[in-house]
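S.K.: Okay, handing you the structure first.
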Amino acid sequence: QSRTLDRTVRAAGRVEPDERRVYAIAPKFEGYVERLLVNVTGQPVSKGQPLFEVYSPELVSAQREYAIAVQGVAALKEAGGPALAGMQQLAESSLQRLRNWDISDEQIKALAGTGEAKRTLTYRSTVSGIVTEKKAQQGNRFMPGEVLYQVADLSSVWVIAEVFEQDIGLIRTGAQAQVRINAYPGQSFGGKITYVYPTLKAETRTVPVRVELANP
């Protein structure tokens, strides 16, 4: 009989988050954590869910600037001319500044409607996933770019398999892989090889191979 001869390669591996689905929640302004709304590692969050309430003097100042500019545009509407154009430009730049700080459109709309700058604002998650790291603490001061939460989308994960040197020639990107995990005896999870690392670990004589796996 003429057929393709297959050889099964077995390797031990470890499950890791997909590094493309790990997100840092880091405000782009300086401030203080007034109240934590998500306060425990492992908590699932959805996109737009409130994470914490923040007080930031520069955020209050930016809100006031935008509110004054919006009121100025309304007051100068009938007058027109360069004054109106200048005020519109100021309102637009103030709006862009708030958006660049990830202030939601809903909060900006409320600010434009009332004209009142709020002392604290609710900072919302920009992604859905599981909180894998929480550095935010109530009352803490944070600086721009400081990571307060790490959120991982675990709907798909990586299995990094350590394949022995003598078997690596049999591994191809795109090939199917079956993953068995001690926690789920008798079950097998289908994945696909997406990357063969170009390095050999001298201590173990193995090459890491990445398998992508759906994680329902």
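In the structure tokens, each chain is lettered A, B, ... as it comes, each chain's residues begin at 1, and ligands are numbered from 1 in order of appearance.
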Can you tell me which residues surround Val127 in chain A at a distance of at most 8 Å, considering only C-alpha atoms, apart from same-chain residues fewer than 4 positions away, and format the answer as a list in words?
M.R.: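 Here the qualifying residues turn out to be Tyr23, Val45, Ser46, Lys47, Gly48 and Val151 of chain A.
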S.K.: Write out as a PyMOL selection string which residues come within 9 Å of Ser156 in chain A when counting only C-alpha atoms, dropping same-chain ones fewer than 6 positions away.
M.R.: chain A and resi 17-18+21+212-216
S.K.: Export N, CA, C and O atoms of the chosen residues as a PDB file, in the first residue's frame?
M.R.:
ATOM      1  N   PRO A  17       0.148  32.825  28.205  1.00  0.00           N
ATOM      2  CA  PRO A  17      -0.740  33.752  27.481  1.00  0.00           C
ATOM      3  C   PRO A  17      -0.146  34.086  26.108  1.00  0.00           C
ATOM      4  O   PRO A  17       1.078  34.071  25.941  1.00  0.00           O
ATOM      5  N   ASP A  18      -1.005  34.371  25.162  1.00  0.00           N
ATOM      6  CA  ASP A  18      -0.575  34.875  23.852  1.00  0.00           C
ATOM      7  C   ASP A  18      -0.065  36.296  24.071  1.00  0.00           C
ATOM      8  O   ASP A  18      -0.826  37.174  24.487  1.00  0.00           O
ATOM      9  N   ARG A  21      -1.975  39.314  23.094  1.00  0.00           N
ATOM     10  CA  ARG A  21      -3.255  39.565  23.750  1.00  0.00           C
ATOM     11  C   ARG A  21      -3.075  39.992  25.210  1.00  0.00           C
ATOM     12  O   ARG A  21      -3.980  39.860  26.014  1.00  0.00           O
ATOM     13  N   GLU A 212      -0.510  27.288  18.877  1.00  0.00           N
ATOM     14  CA  GLU A 212      -1.633  28.161  19.249  1.00  0.00           C
ATOM     15  C   GLU A 212      -2.847  27.302  19.492  1.00  0.00           C
ATOM     16  O   GLU A 212      -3.165  26.405  18.711  1.00  0.00           O
ATOM     17  N   LEU A 213      -3.545  27.640  20.595  1.00  0.00           N
ATOM     18  CA  LEU A 213      -4.612  26.782  21.076  1.00  0.00           C
ATOM     19  C   LEU A 213      -5.818  27.628  21.481  1.00  0.00           C
ATOM     20  O   LEU A 213      -5.678  28.580  22.249  1.00  0.00           O
ATOM     21  N   ALA A 214      -6.989  27.291  20.941  1.00  0.00           N
ATOM     22  CA  ALA A 214      -8.209  27.968  21.394  1.00  0.00           C
ATOM     23  C   ALA A 214      -8.470  27.557  22.840  1.00  0.00           C
ATOM     24  O   ALA A 214      -8.196  26.432  23.230  1.00  0.00           O
ATOM     25  N   ASN A 215      -8.992  28.487  23.646  1.00  0.00           N
ATOM     26  CA  ASN A 215      -9.155  28.234  25.082  1.00  0.00           C
ATOM     27  C   ASN A 215     -10.592  28.508  25.534  1.00  0.00           C
ATOM     28  O   ASN A 215     -10.839  29.436  26.301  1.00  0.00           O
ATOM     29  N   PRO A 216     -11.564  27.730  25.007  1.00  0.00           N
ATOM     30  CA  PRO A 216     -12.958  27.986  25.394  1.00  0.00           C
ATOM     31  C   PRO A 216     -13.221  27.725  26.855  1.00  0.00           C
ATOM     32  O   PRO A 216     -14.150  28.274  27.430  1.00  0.00           O
TER      33      PRO A 216
END
S.K.: Just want the 9 Å neighbourhood of Gln137 in chain A, counted on only C-alpha atoms, with same-chain residues fewer than 4 positions away dropped. Output as JSON, numbers by chain.
M.R.: {"A": [33, 34, 35, 36, 39, 141, 148]}
S.K.: Would you list the contacts of Leu76 in chain A as a list in words, taking every protein, DNA or RNA residue within 12 Å and counting only C-alpha atoms, but skipping same-chain residues closer than 6 positions in sequence?
M.R.: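 Surrounding residues, per the criterion: Ala69, Val70, Pro82, Ala83, Leu84, Ala85, Gly86, Met87 and Gln88 of chain A.
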S.K.: Could you turn the residues from that selection into a file that holds N, CA and C atoms, as a short mmCIF file (atom, residue, chain, number, x, y, z; two decimals), in the first residue's frame?
M.R.:
data_model
loop_
_atom_site.label_atom_id
_atom_site.label_comp_id
_atom_site.auth_asym_id
_atom_site.auth_seq_id
_atom_site.Cartn_x
_atom_site.Cartn_y
_atom_site.Cartn_z
N ALA A 69 -14.00 76.47 26.38
CA ALA A 69 -13.92 76.61 24.92
C ALA A 69 -15.27 76.31 24.26
N VAL A 70 -15.98 75.27 24.76
CA VAL A 70 -17.30 74.92 24.20
C VAL A 70 -18.30 76.05 24.44
N PRO A 82 -12.86 85.61 12.85
CA PRO A 82 -11.65 84.98 13.39
C PRO A 82 -11.78 84.54 14.85
N ALA A 83 -12.57 85.30 15.64
CA ALA A 83 -12.73 84.96 17.06
C ALA A 83 -13.37 83.59 17.22
N LEU A 84 -14.41 83.35 16.42
CA LEU A 84 -15.10 82.04 16.47
C LEU A 84 -14.17 80.92 16.00
N ALA A 85 -13.44 81.18 14.92
CA ALA A 85 -12.53 80.16 14.37
C ALA A 85 -11.46 79.81 15.40
N GLY A 86 -10.96 80.83 16.10
CA GLY A 86 -9.93 80.61 17.12
C GLY A 86 -10.47 79.80 18.29
N MET A 87 -11.71 80.12 18.70
CA MET A 87 -12.33 79.40 19.82
C MET A 87 -12.64 77.95 19.43
N GLN A 88 -13.06 77.74 18.18
CA GLN A 88 -13.32 76.38 17.69
C GLN A 88 -12.03 75.55 17.68
#
S.K.: Residues of range 10-158 of chain A classed as strand (DSSP E or B) by DSSP on the backbone are to be reported as a PyMOL selection string.
M.R.: chain A and resi 12-17+22-25+31-36+44-45+50-55+120-124+129-134+141-142+149-152+156-158
S.K.: Tell me which protein, DNA and RNA residues are within 7 Å of Lys134 in chain A, counting only C-alpha atoms, leaving out same-chain ones fewer than 5 positions away, and put them as a PyMOL selection string.
M.R.: chain A and resi 40-41+148-150
S.K.: Applying 12 Å and only C-alpha atoms, which residues near Gly113 in chain A remain after dropping the ones on its own chain fewer than 6 positions away? List them as a ChimeraX atom specification.
M.R.: /A:66-68,70-71,74,106-107
